[in-house]
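Engineer: So that you have it, the file is work31.tsv, and it contains TSV, C-alpha atoms:
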```tsv
chain	number	residue	atom	x	y	z
A	1	MET	CA	0.00	0.00	0.00
A	2	ASP	CA	1.51	3.34	-0.99
A	3	ASP	CA	1.92	6.36	1.28
A	4	ARG	CA	-0.73	8.38	-0.47
A	5	LYS	CA	-3.34	5.71	0.12
A	6	ASP	CA	-2.22	5.36	3.73
A	7	ALA	CA	-2.56	9.11	4.27
A	8	LYS	CA	-6.06	9.05	2.81
A	9	ILE	CA	-7.08	6.23	5.11
A	10	MET	CA	-5.75	8.14	8.11
A	11	GLU	CA	-7.46	11.33	6.98
A	12	ARG	CA	-10.72	9.49	6.55
A	13	ARG	CA	-10.38	7.82	9.94
A	14	GLY	CA	-9.75	11.23	11.53
A	15	PHE	CA	-12.82	12.62	9.82
A	16	PHE	CA	-15.06	9.90	11.21
A	17	LYS	CA	-13.66	10.61	14.67
A	18	MET	CA	-14.28	14.33	14.28
A	19	VAL	CA	-17.91	13.94	13.26
A	20	GLY	CA	-18.60	11.61	16.17
A	21	LEU	CA	-19.17	8.33	14.36
A	22	GLY	CA	-18.02	6.68	17.59
A	23	ALA	CA	-21.42	7.49	19.07
A	24	VAL	CA	-22.86	4.78	16.83
A	25	ALA	CA	-21.12	2.19	19.02
A	26	GLY	CA	-24.03	2.66	21.43
A	27	ALA	CA	-26.37	1.47	18.71
A	28	ALA	CA	-24.43	-1.66	17.78
A	29	THR	CA	-26.76	-3.97	19.73
A	30	LEU	CA	-29.74	-2.70	17.83
A	31	ALA	CA	-27.96	-2.65	14.49
A	32	ASN	CA	-27.12	-6.32	14.90
A	33	ALA	CA	-30.36	-7.38	16.53
A	34	PRO	CA	-32.07	-10.40	14.97
A	35	ARG	CA	-34.42	-9.38	12.25
A	36	GLU	CA	-36.08	-10.48	9.11
A	37	ALA	CA	-33.20	-9.79	6.80
A	38	VAL	CA	-34.18	-8.46	3.42
A	39	ALA	CA	-31.12	-9.47	1.53
A	40	GLU	CA	-29.21	-12.68	1.52
A	41	VAL	CA	-26.26	-14.16	-0.17
A	42	ALA	CA	-27.21	-15.16	-3.69
A	43	LYS	CA	-27.80	-18.87	-3.68
A	44	ASP	CA	-26.60	-19.19	-7.23
A	45	ALA	CA	-23.48	-17.13	-6.66
A	46	SER	CA	-20.72	-18.31	-8.94
A	47	GLY	CA	-17.88	-20.42	-7.63
A	48	SER	CA	-17.70	-23.86	-6.11
A	49	GLY	CA	-20.41	-25.41	-4.00
A	50	TYR	CA	-18.18	-25.27	-0.96
A	51	ARG	CA	-17.84	-21.51	-1.15
A	52	GLU	CA	-21.56	-21.10	-1.60
A	53	THR	CA	-22.28	-23.20	1.48
A	54	GLU	CA	-19.87	-21.15	3.51
A	55	LEU	CA	-21.49	-17.91	2.40
A	56	VAL	CA	-24.97	-19.10	3.20
A	57	LYS	CA	-23.80	-20.44	6.55
A	58	LYS	CA	-22.23	-17.10	7.37
A	59	PHE	CA	-25.40	-15.29	6.41
A	60	TYR	CA	-27.53	-17.39	8.72
A	61	GLU	CA	-24.99	-17.04	11.49
A	62	LEU	CA	-24.96	-13.25	11.15
A	63	SER	CA	-28.70	-12.96	10.99
A	64	LYS	CA	-28.89	-15.25	14.03
A	65	PHE	CA	-31.24	-17.82	12.55
B	66	MET	CA	-2.40	-15.13	-15.06
B	67	LYS	CA	-4.01	-17.05	-12.27
B	68	TRP	CA	-1.91	-15.53	-9.50
B	69	GLN	CA	-3.73	-12.25	-9.88
B	70	GLN	CA	-6.70	-13.82	-8.21
B	71	TRP	CA	-5.03	-14.19	-4.89
B	72	GLY	CA	-1.90	-12.12	-4.84
B	73	ARG	CA	-0.19	-9.08	-6.28
B	74	ARG	CA	3.24	-8.47	-7.56
B	75	GLY	CA	5.52	-7.02	-4.90
B	76	PRO	CA	8.17	-4.36	-5.61
B	77	THR	CA	10.89	-6.97	-5.94
B	78	GLY	CA	8.99	-8.89	-8.57
B	79	GLY	CA	7.97	-11.66	-6.19
B	80	TYR	CA	4.47	-12.48	-5.14
B	81	THR	CA	2.74	-11.12	-2.09
B	82	LEU	CA	-0.25	-12.85	-0.66
B	83	VAL	CA	-3.16	-10.67	0.27
B	84	THR	CA	-2.63	-10.40	4.02
B	85	LYS	CA	-5.25	-11.19	6.60
B	86	GLN	CA	-4.95	-7.60	7.76
B	87	ALA	CA	-6.43	-6.33	4.51
B	88	LEU	CA	-9.52	-8.45	4.95
B	89	GLN	CA	-10.27	-7.32	8.48
B	90	VAL	CA	-12.91	-4.68	8.99
B	91	ALA	CA	-11.40	-1.48	10.43
B	92	SER	CA	-13.08	-0.07	13.54
B	93	GLU	CA	-14.49	2.95	11.70
B	94	ASP	CA	-15.95	0.63	9.07
B	95	ARG	CA	-17.51	-1.52	11.79
B	96	LEU	CA	-19.21	1.66	13.05
B	97	ARG	CA	-20.37	2.56	9.55
B	98	ALA	CA	-21.86	-0.90	9.13
B	99	ASP	CA	-23.61	-0.47	12.48
B	100	ALA	CA	-25.01	2.91	11.44
B	101	TYR	CA	-26.41	1.41	8.24
B	102	GLY	CA	-27.69	-1.57	10.21
B	103	LEU	CA	-29.43	0.73	12.66
B	104	LEU	CA	-31.19	2.66	9.88
B	105	ALA	CA	-32.15	-0.59	8.14
B	106	ARG	CA	-33.58	-1.98	11.36
B	107	LEU	CA	-35.60	1.15	12.08
B	108	LEU	CA	-37.01	1.44	8.57
B	109	CYS	CA	-37.55	-2.18	7.50
B	110	ASP	CA	-40.74	-2.92	9.37
B	111	VAL	CA	-43.42	-1.76	11.77
B	112	PRO	CA	-41.63	-1.11	15.09
B	113	ASP	CA	-42.41	-3.24	18.13
B	114	GLY	CA	-41.75	-2.77	21.82
B	115	ALA	CA	-38.43	-4.63	21.73
B	116	LEU	CA	-37.11	-2.42	18.95
B	117	LEU	CA	-38.15	0.72	20.81
B	118	THR	CA	-36.59	-0.49	24.06
B	119	LEU	CA	-33.29	-1.22	22.31
B	120	THR	CA	-33.45	2.18	20.60
B	121	SER	CA	-34.08	3.94	23.91
B	122	GLU	CA	-30.87	2.41	25.27
B	123	ILE	CA	-28.65	4.15	22.71
B	124	THR	CA	-26.32	6.70	24.26
B	125	GLY	CA	-25.05	9.57	22.12
B	126	ASP	CA	-22.42	12.21	22.73
B	127	ASP	CA	-21.78	15.93	22.05
B	128	SER	CA	-21.27	15.64	18.29
B	129	SER	CA	-24.14	16.40	15.88
B	130	LEU	CA	-24.59	12.73	15.11
B	131	GLY	CA	-24.25	11.86	18.79
B	132	SER	CA	-26.91	14.44	19.74
B	133	ALA	CA	-29.19	13.10	17.05
B	134	LEU	CA	-28.73	9.58	18.45
B	135	SER	CA	-29.53	10.85	21.96
B	136	ALA	CA	-32.67	12.51	20.60
B	137	LEU	CA	-33.61	9.26	18.87
B	138	ALA	CA	-33.17	7.35	22.13
B	139	GLY	CA	-35.27	9.94	23.96
B	140	ALA	CA	-38.03	9.71	21.36
B	141	ALA	CA	-38.00	5.90	21.57
B	142	ALA	CA	-38.30	6.07	25.35
B	143	THR	CA	-41.45	8.20	25.23
B	144	VAL	CA	-43.38	6.77	22.27
B	145	THR	CA	-45.65	3.73	22.73
B	146	ALA	CA	-45.30	0.77	20.39
B	147	GLU	CA	-48.85	1.39	19.23
B	148	ALA	CA	-48.23	5.04	18.37
B	149	ALA	CA	-44.95	4.23	16.63
B	150	SER	CA	-46.66	1.51	14.64
B	151	GLU	CA	-49.45	3.88	13.56
B	152	GLU	CA	-46.80	6.39	12.57
B	153	TYR	CA	-44.98	3.79	10.47
B	154	HIS	CA	-48.21	2.91	8.68
B	155	ALA	CA	-49.05	6.54	7.98
B	156	LEU	CA	-45.53	7.22	6.70
B	157	PHE	CA	-44.74	4.16	4.64
B	158	ILE	CA	-47.78	1.93	4.15
B	159	GLY	CA	-51.17	3.67	4.32
B	160	VAL	CA	-54.35	2.60	2.54
B	161	ALA	CA	-53.57	4.64	-0.53
B	162	GLY	CA	-49.80	4.49	0.01
B	163	GLY	CA	-47.97	6.18	2.85
B	164	GLU	CA	-46.93	9.80	3.02
B	165	LEU	CA	-43.49	8.82	1.76
B	166	LYS	CA	-42.39	6.24	-0.78
B	167	PRO	CA	-39.00	5.06	0.45
B	168	TYR	CA	-37.84	3.69	-2.92
B	169	CYS	CA	-34.92	4.89	-4.97
B	170	SER	CA	-36.86	4.38	-8.17
B	171	PHE	CA	-39.73	6.53	-6.94
B	172	TYR	CA	-37.43	9.35	-5.83
B	173	LEU	CA	-35.56	9.43	-9.12
B	174	THR	CA	-38.37	8.82	-11.60
B	175	GLY	CA	-41.66	9.34	-9.77
B	176	PHE	CA	-42.56	5.67	-10.23
B	177	VAL	CA	-41.64	2.44	-8.46
B	178	TYR	CA	-40.25	-0.50	-10.49
B	179	GLU	CA	-38.39	1.80	-12.86
B	180	LYS	CA	-34.86	1.79	-14.26
B	181	PRO	CA	-33.07	2.55	-10.96
B	182	LEU	CA	-34.45	-0.72	-9.59
B	183	ALA	CA	-33.27	-2.61	-12.67
B	184	LYS	CA	-29.80	-1.12	-12.23
B	185	LEU	CA	-29.78	-2.14	-8.57
B	186	ARG	CA	-30.77	-5.70	-9.44
B	187	LEU	CA	-27.85	-5.94	-11.84
B	188	ASP	CA	-25.43	-4.69	-9.18
B	189	MET	CA	-26.88	-7.07	-6.61
B	190	GLU	CA	-26.29	-9.95	-8.99
B	191	ARG	CA	-22.71	-8.84	-9.53
B	192	LEU	CA	-22.13	-8.61	-5.79
B	193	GLY	CA	-23.84	-11.91	-5.00
B	194	ILE	CA	-26.76	-10.47	-3.04
B	195	ALA	CA	-30.25	-11.93	-3.43
B	196	ARG	CA	-33.63	-11.04	-2.05
B	197	ARG	CA	-35.18	-13.57	0.28
B	198	GLU	CA	-38.26	-15.23	-1.14
B	199	GLN	CA	-40.69	-13.93	1.47
B	200	VAL	CA	-39.70	-10.33	0.81
B	201	LYS	CA	-42.13	-8.99	-1.77
B	202	GLU	CA	-41.09	-5.37	-1.76
B	203	PRO	CA	-38.83	-3.93	-4.43
B	204	GLU	CA	-35.19	-4.10	-3.39
B	205	ASP	CA	-34.59	-0.35	-3.68
B	206	HIS	CA	-36.35	0.34	-0.38
B	207	MET	CA	-34.15	2.54	1.85
B	208	ALA	CA	-34.04	-0.16	4.54
B	209	SER	CA	-32.85	-2.76	2.01
B	210	LEU	CA	-30.20	-0.46	0.59
B	211	CYS	CA	-28.91	0.32	4.09
B	212	GLU	CA	-28.84	-3.38	4.87
B	213	MET	CA	-26.89	-4.07	1.69
B	214	MET	CA	-24.36	-1.34	2.51
B	215	ALA	CA	-23.95	-2.76	6.02
B	216	GLY	CA	-23.40	-6.23	4.58
B	217	LEU	CA	-20.93	-5.07	1.96
B	218	ILE	CA	-18.89	-3.25	4.62
B	219	SER	CA	-18.99	-5.98	7.27
B	220	GLY	CA	-18.76	-8.96	4.96
B	221	ALA	CA	-22.21	-10.40	5.58
B	222	PHE	CA	-22.38	-11.36	1.90
B	223	GLY	CA	-19.01	-13.07	1.80
B	224	ALA	CA	-15.83	-11.07	2.22
B	225	PRO	CA	-16.03	-7.34	3.00
B	226	VAL	CA	-15.78	-5.40	-0.25
B	227	ASP	CA	-13.22	-2.66	-0.75
B	228	LEU	CA	-13.96	1.02	-0.37
B	229	GLU	CA	-14.14	1.59	-4.13
B	230	THR	CA	-16.86	-1.03	-4.49
B	231	GLN	CA	-18.73	0.42	-1.52
B	232	GLN	CA	-18.47	3.88	-3.02
B	233	ARG	CA	-19.74	2.71	-6.41
B	234	PHE	CA	-22.75	1.12	-4.75
B	235	PHE	CA	-23.37	4.21	-2.61
B	236	ASP	CA	-22.98	6.62	-5.53
B	237	ARG	CA	-25.35	4.67	-7.74
B	238	HIS	CA	-28.07	3.68	-5.33
B	239	LEU	CA	-27.99	5.96	-2.28
B	240	ALA	CA	-26.25	9.26	-3.02
B	241	PRO	CA	-28.86	10.46	-5.55
B	242	TRP	CA	-31.72	10.39	-3.05
B	243	ALA	CA	-30.76	9.31	0.49
B	244	ARG	CA	-30.23	12.79	1.89
B	245	LEU	CA	-33.48	14.03	0.35
B	246	PHE	CA	-35.41	11.04	1.66
B	247	PHE	CA	-34.20	11.52	5.23
B	248	GLU	CA	-34.95	15.24	4.97
B	249	ASP	CA	-38.47	14.36	3.86
B	250	LEU	CA	-38.76	11.99	6.80
B	251	GLU	CA	-37.68	14.75	9.19
B	252	GLY	CA	-40.31	17.05	7.75
B	253	ALA	CA	-43.15	14.56	7.17
B	254	ASP	CA	-46.52	15.55	8.68
B	255	SER	CA	-47.08	12.10	10.19
B	256	ALA	CA	-43.58	11.85	11.65
B	257	ARG	CA	-42.96	12.16	15.39
B	258	PHE	CA	-40.63	9.34	16.45
B	259	TYR	CA	-39.45	8.97	12.85
B	260	LYS	CA	-38.45	12.64	12.72
B	261	SER	CA	-35.49	11.67	14.89
B	262	VAL	CA	-34.75	8.69	12.64
B	263	GLY	CA	-34.74	11.17	9.74
B	264	THR	CA	-32.19	13.39	11.45
B	265	VAL	CA	-29.84	10.50	12.24
B	266	GLY	CA	-30.17	9.26	8.65
B	267	ARG	CA	-29.59	12.67	7.08
B	268	LEU	CA	-26.51	13.37	9.20
B	269	PHE	CA	-25.06	9.94	8.55
B	270	MET	CA	-25.61	10.14	4.78
B	271	GLU	CA	-23.87	13.54	4.77
B	272	ILE	CA	-20.95	12.01	6.65
B	273	GLU	CA	-20.76	9.11	4.20
B	274	SER	CA	-20.83	11.38	1.15
B	275	THR	CA	-18.01	13.52	2.52
B	276	ALA	CA	-15.95	10.52	3.59
B	277	PHE	CA	-16.25	8.88	0.16
B	278	GLU	CA	-15.14	12.12	-1.49
B	279	MET	CA	-12.10	12.15	0.78
B	280	ALA	CA	-11.18	8.62	-0.20
B	281	ALA	CA	-11.60	9.18	-3.93
```
Step by step, read the file and then write its structure as structure tokens.
Structural biologist:
Amino acid sequence: MDDRKDAKIMERRGFFKMVGLGAVAGAATLANAPREAVAEVAKDASGSGYRETELVKKFYELSKF
Amino acid sequence: MKWQQWGRRGPTGGYTLVTKQALQVASEDRLRADAYGLLARLLCDVPDGALLTLTSEITGDDSSLGSALSALAGAAATVTAEAASEEYHALFIGVAGGELKPYCSFYLTGFVYEKPLAKLRLDMERLGIARREQVKEPEDHMASLCEMMAGLISGAFGAPVDLETQQRFFDRHLAPWARLFFEDLEGADSARFYKSVGTVGRLFMEIESTAFEMAA
């Protein structure tokens, strides 16, 4: 990763700090609360069957089914 | 040139594996995903008591976004589930359609099921995101788009996608109307509790737009 990209990442990180994005941490429980998810990993996503299974598994895990 | 799929050429001409570090979600990105997740959760369905209780437990801080989150928590603590549910119906469902139509296609063309939805479906296919069968609504609902952004950032749809991919998705499907939608929500006649959701959404979308410009 070059220096310019690094600097941009740092600048961006500083910006999020400045605008108080950290306050969202208090909403993490709600943001990740179980819910009827609208989107899911495409079942026919390209790639091998193994990868697909992993993706679907991860989706269910994250949506706490 | 198979190696390009998993590595990149280092400065010495050797191969460098993509490190685990690069695939981890940075703390600020975790927070962004949570912000999108929060908006998705608040907009995706009629609110119930559990949702309102969780919302009332949010603690903000002195920043604009933090104050808006505090106000949201305060509003959630005082509204009843019944009132909030009535509000949701008046805003988004209604007998003849709610006061607002939270769809990208509607905001950009005046009609639902128009070209912006078709474009979104193409991008979803590219990114490996599909709509669950029981969801009948068009995918360009604000709650769905926020959920997709959260998933792209956190890796809920596979690996987290890079910032450029996130930005492309944001620019195409959220930037053209998200700020306007949340402004409308803040100013909607039927909105009480959802006014505070509108403020949080508007401030966060402004932050996202600025941050993406910085990264470009």
Engineer: For each of B:Ala146, B:Ala140, B:Ala240, B:Ala100, take the minimum atom-to-atom distance to chain A, counting all atoms listed in the file, then give the residue where this is smallest.
Structural biologist: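 Checking each of B:Ala146, B:Ala140, B:Ala240, B:Ala100 against chain A, counting all atoms listed in the file, the winner is B:Ala100.
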Engineer: So the first atom is CA of Glu11 in chain A and the second is CA of Phe235 in chain B; what is the distance between them in Å, to one decimal place?
Structural biologist: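 Computing the Euclidean distance for CA of Glu11 in chain A and CA of Phe235 in chain B yields 19.9 Å.
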Engineer: When distances are computed from all atoms listed in the file, which of B:Asp249, B:Glu164, B:Glu151, B:Glu122 shows the smallest separation from chain A?
Structural biologist: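 The shortest atom-to-atom distance to chain A comes from B:Glu122.
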Engineer: Could you tell me which of B:Gly266, B:Pro112, B:Gly131, B:Pro203 comes closest to chain A if we count all atoms listed in the file?
Structural biologist: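 Distance minimum relative to chain A lands on B:Gly131.
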Engineer: Quick one, how far is CA of Leu117 in chain B from CA of Val265 in chain B?
Structural biologist: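 So the answer is 15.4 Å.
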Engineer: What gap, in Å, lies between CA of Lys17 in chain A and CA of Met214 in chain B?
Structural biologist: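 We find that CA of Lys17 in chain A and CA of Met214 in chain B lie 20.1 Å from each other.
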Engineer: For a quick test of understanding: name the residues of chain B lying within 8 Å of chain A when counting only C-alpha atoms, and present them as a short mmCIF file (atom, residue, chain, number, x, y, z; two decimals) with C-alpha atoms, keeping the file's coordinate frame.
Structural biologist:
```
data_model
loop_
_atom_site.label_atom_id
_atom_site.label_comp_id
_atom_site.auth_asym_id
_atom_site.auth_seq_id
_atom_site.Cartn_x
_atom_site.Cartn_y
_atom_site.Cartn_z
CA GLU B 93 -14.49 2.95 11.70
CA LEU B 96 -19.21 1.66 13.05
CA ARG B 97 -20.37 2.56 9.55
CA ASP B 99 -23.61 -0.47 12.48
CA ALA B 100 -25.01 2.91 11.44
CA TYR B 101 -26.41 1.41 8.24
CA GLY B 102 -27.69 -1.57 10.21
CA LEU B 103 -29.43 0.73 12.66
CA LEU B 104 -31.19 2.66 9.88
CA ALA B 105 -32.15 -0.59 8.14
CA ARG B 106 -33.58 -1.98 11.36
CA LEU B 116 -37.11 -2.42 18.95
CA LEU B 119 -33.29 -1.22 22.31
CA THR B 120 -33.45 2.18 20.60
CA GLU B 122 -30.87 2.41 25.27
CA ILE B 123 -28.65 4.15 22.71
CA THR B 124 -26.32 6.70 24.26
CA GLY B 125 -25.05 9.57 22.12
CA ASP B 126 -22.42 12.21 22.73
CA ASP B 127 -21.78 15.93 22.05
CA SER B 128 -21.27 15.64 18.29
CA SER B 129 -24.14 16.40 15.88
CA LEU B 130 -24.59 12.73 15.11
CA GLY B 131 -24.25 11.86 18.79
CA LEU B 134 -28.73 9.58 18.45
CA GLU B 190 -26.29 -9.95 -8.99
CA GLY B 193 -23.84 -11.91 -5.00
CA ILE B 194 -26.76 -10.47 -3.04
CA ALA B 195 -30.25 -11.93 -3.43
CA ARG B 196 -33.63 -11.04 -2.05
CA ARG B 197 -35.18 -13.57 0.28
CA VAL B 200 -39.70 -10.33 0.81
CA SER B 209 -32.85 -2.76 2.01
CA GLU B 212 -28.84 -3.38 4.87
CA MET B 213 -26.89 -4.07 1.69
CA ALA B 221 -22.21 -10.40 5.58
CA PHE B 222 -22.38 -11.36 1.90
CA GLY B 223 -19.01 -13.07 1.80
CA ILE B 272 -20.95 12.01 6.65
CA ALA B 276 -15.95 10.52 3.59
CA MET B 279 -12.10 12.15 0.78
CA ALA B 280 -11.18 8.62 -0.20
#
```
Engineer: Ranking B:Leu245, B:Ala91, B:Leu192, B:Ala141 by minimum distance to Leu217 in chain B and counting only C-alpha atoms, which one comes first?
Structural biologist: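 Counting only C-alpha atoms, the residue closest to Leu217 in chain B is B:Leu192.
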Engineer: Applying 7 Å and only C-alpha atoms, which residues near Lys180 in chain B remain after dropping the ones on its own chain fewer than 3 positions away? List them as a list in words.
Structural biologist: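 My reading of the contact set: Ser170, Ala183 and Lys184 of chain B.
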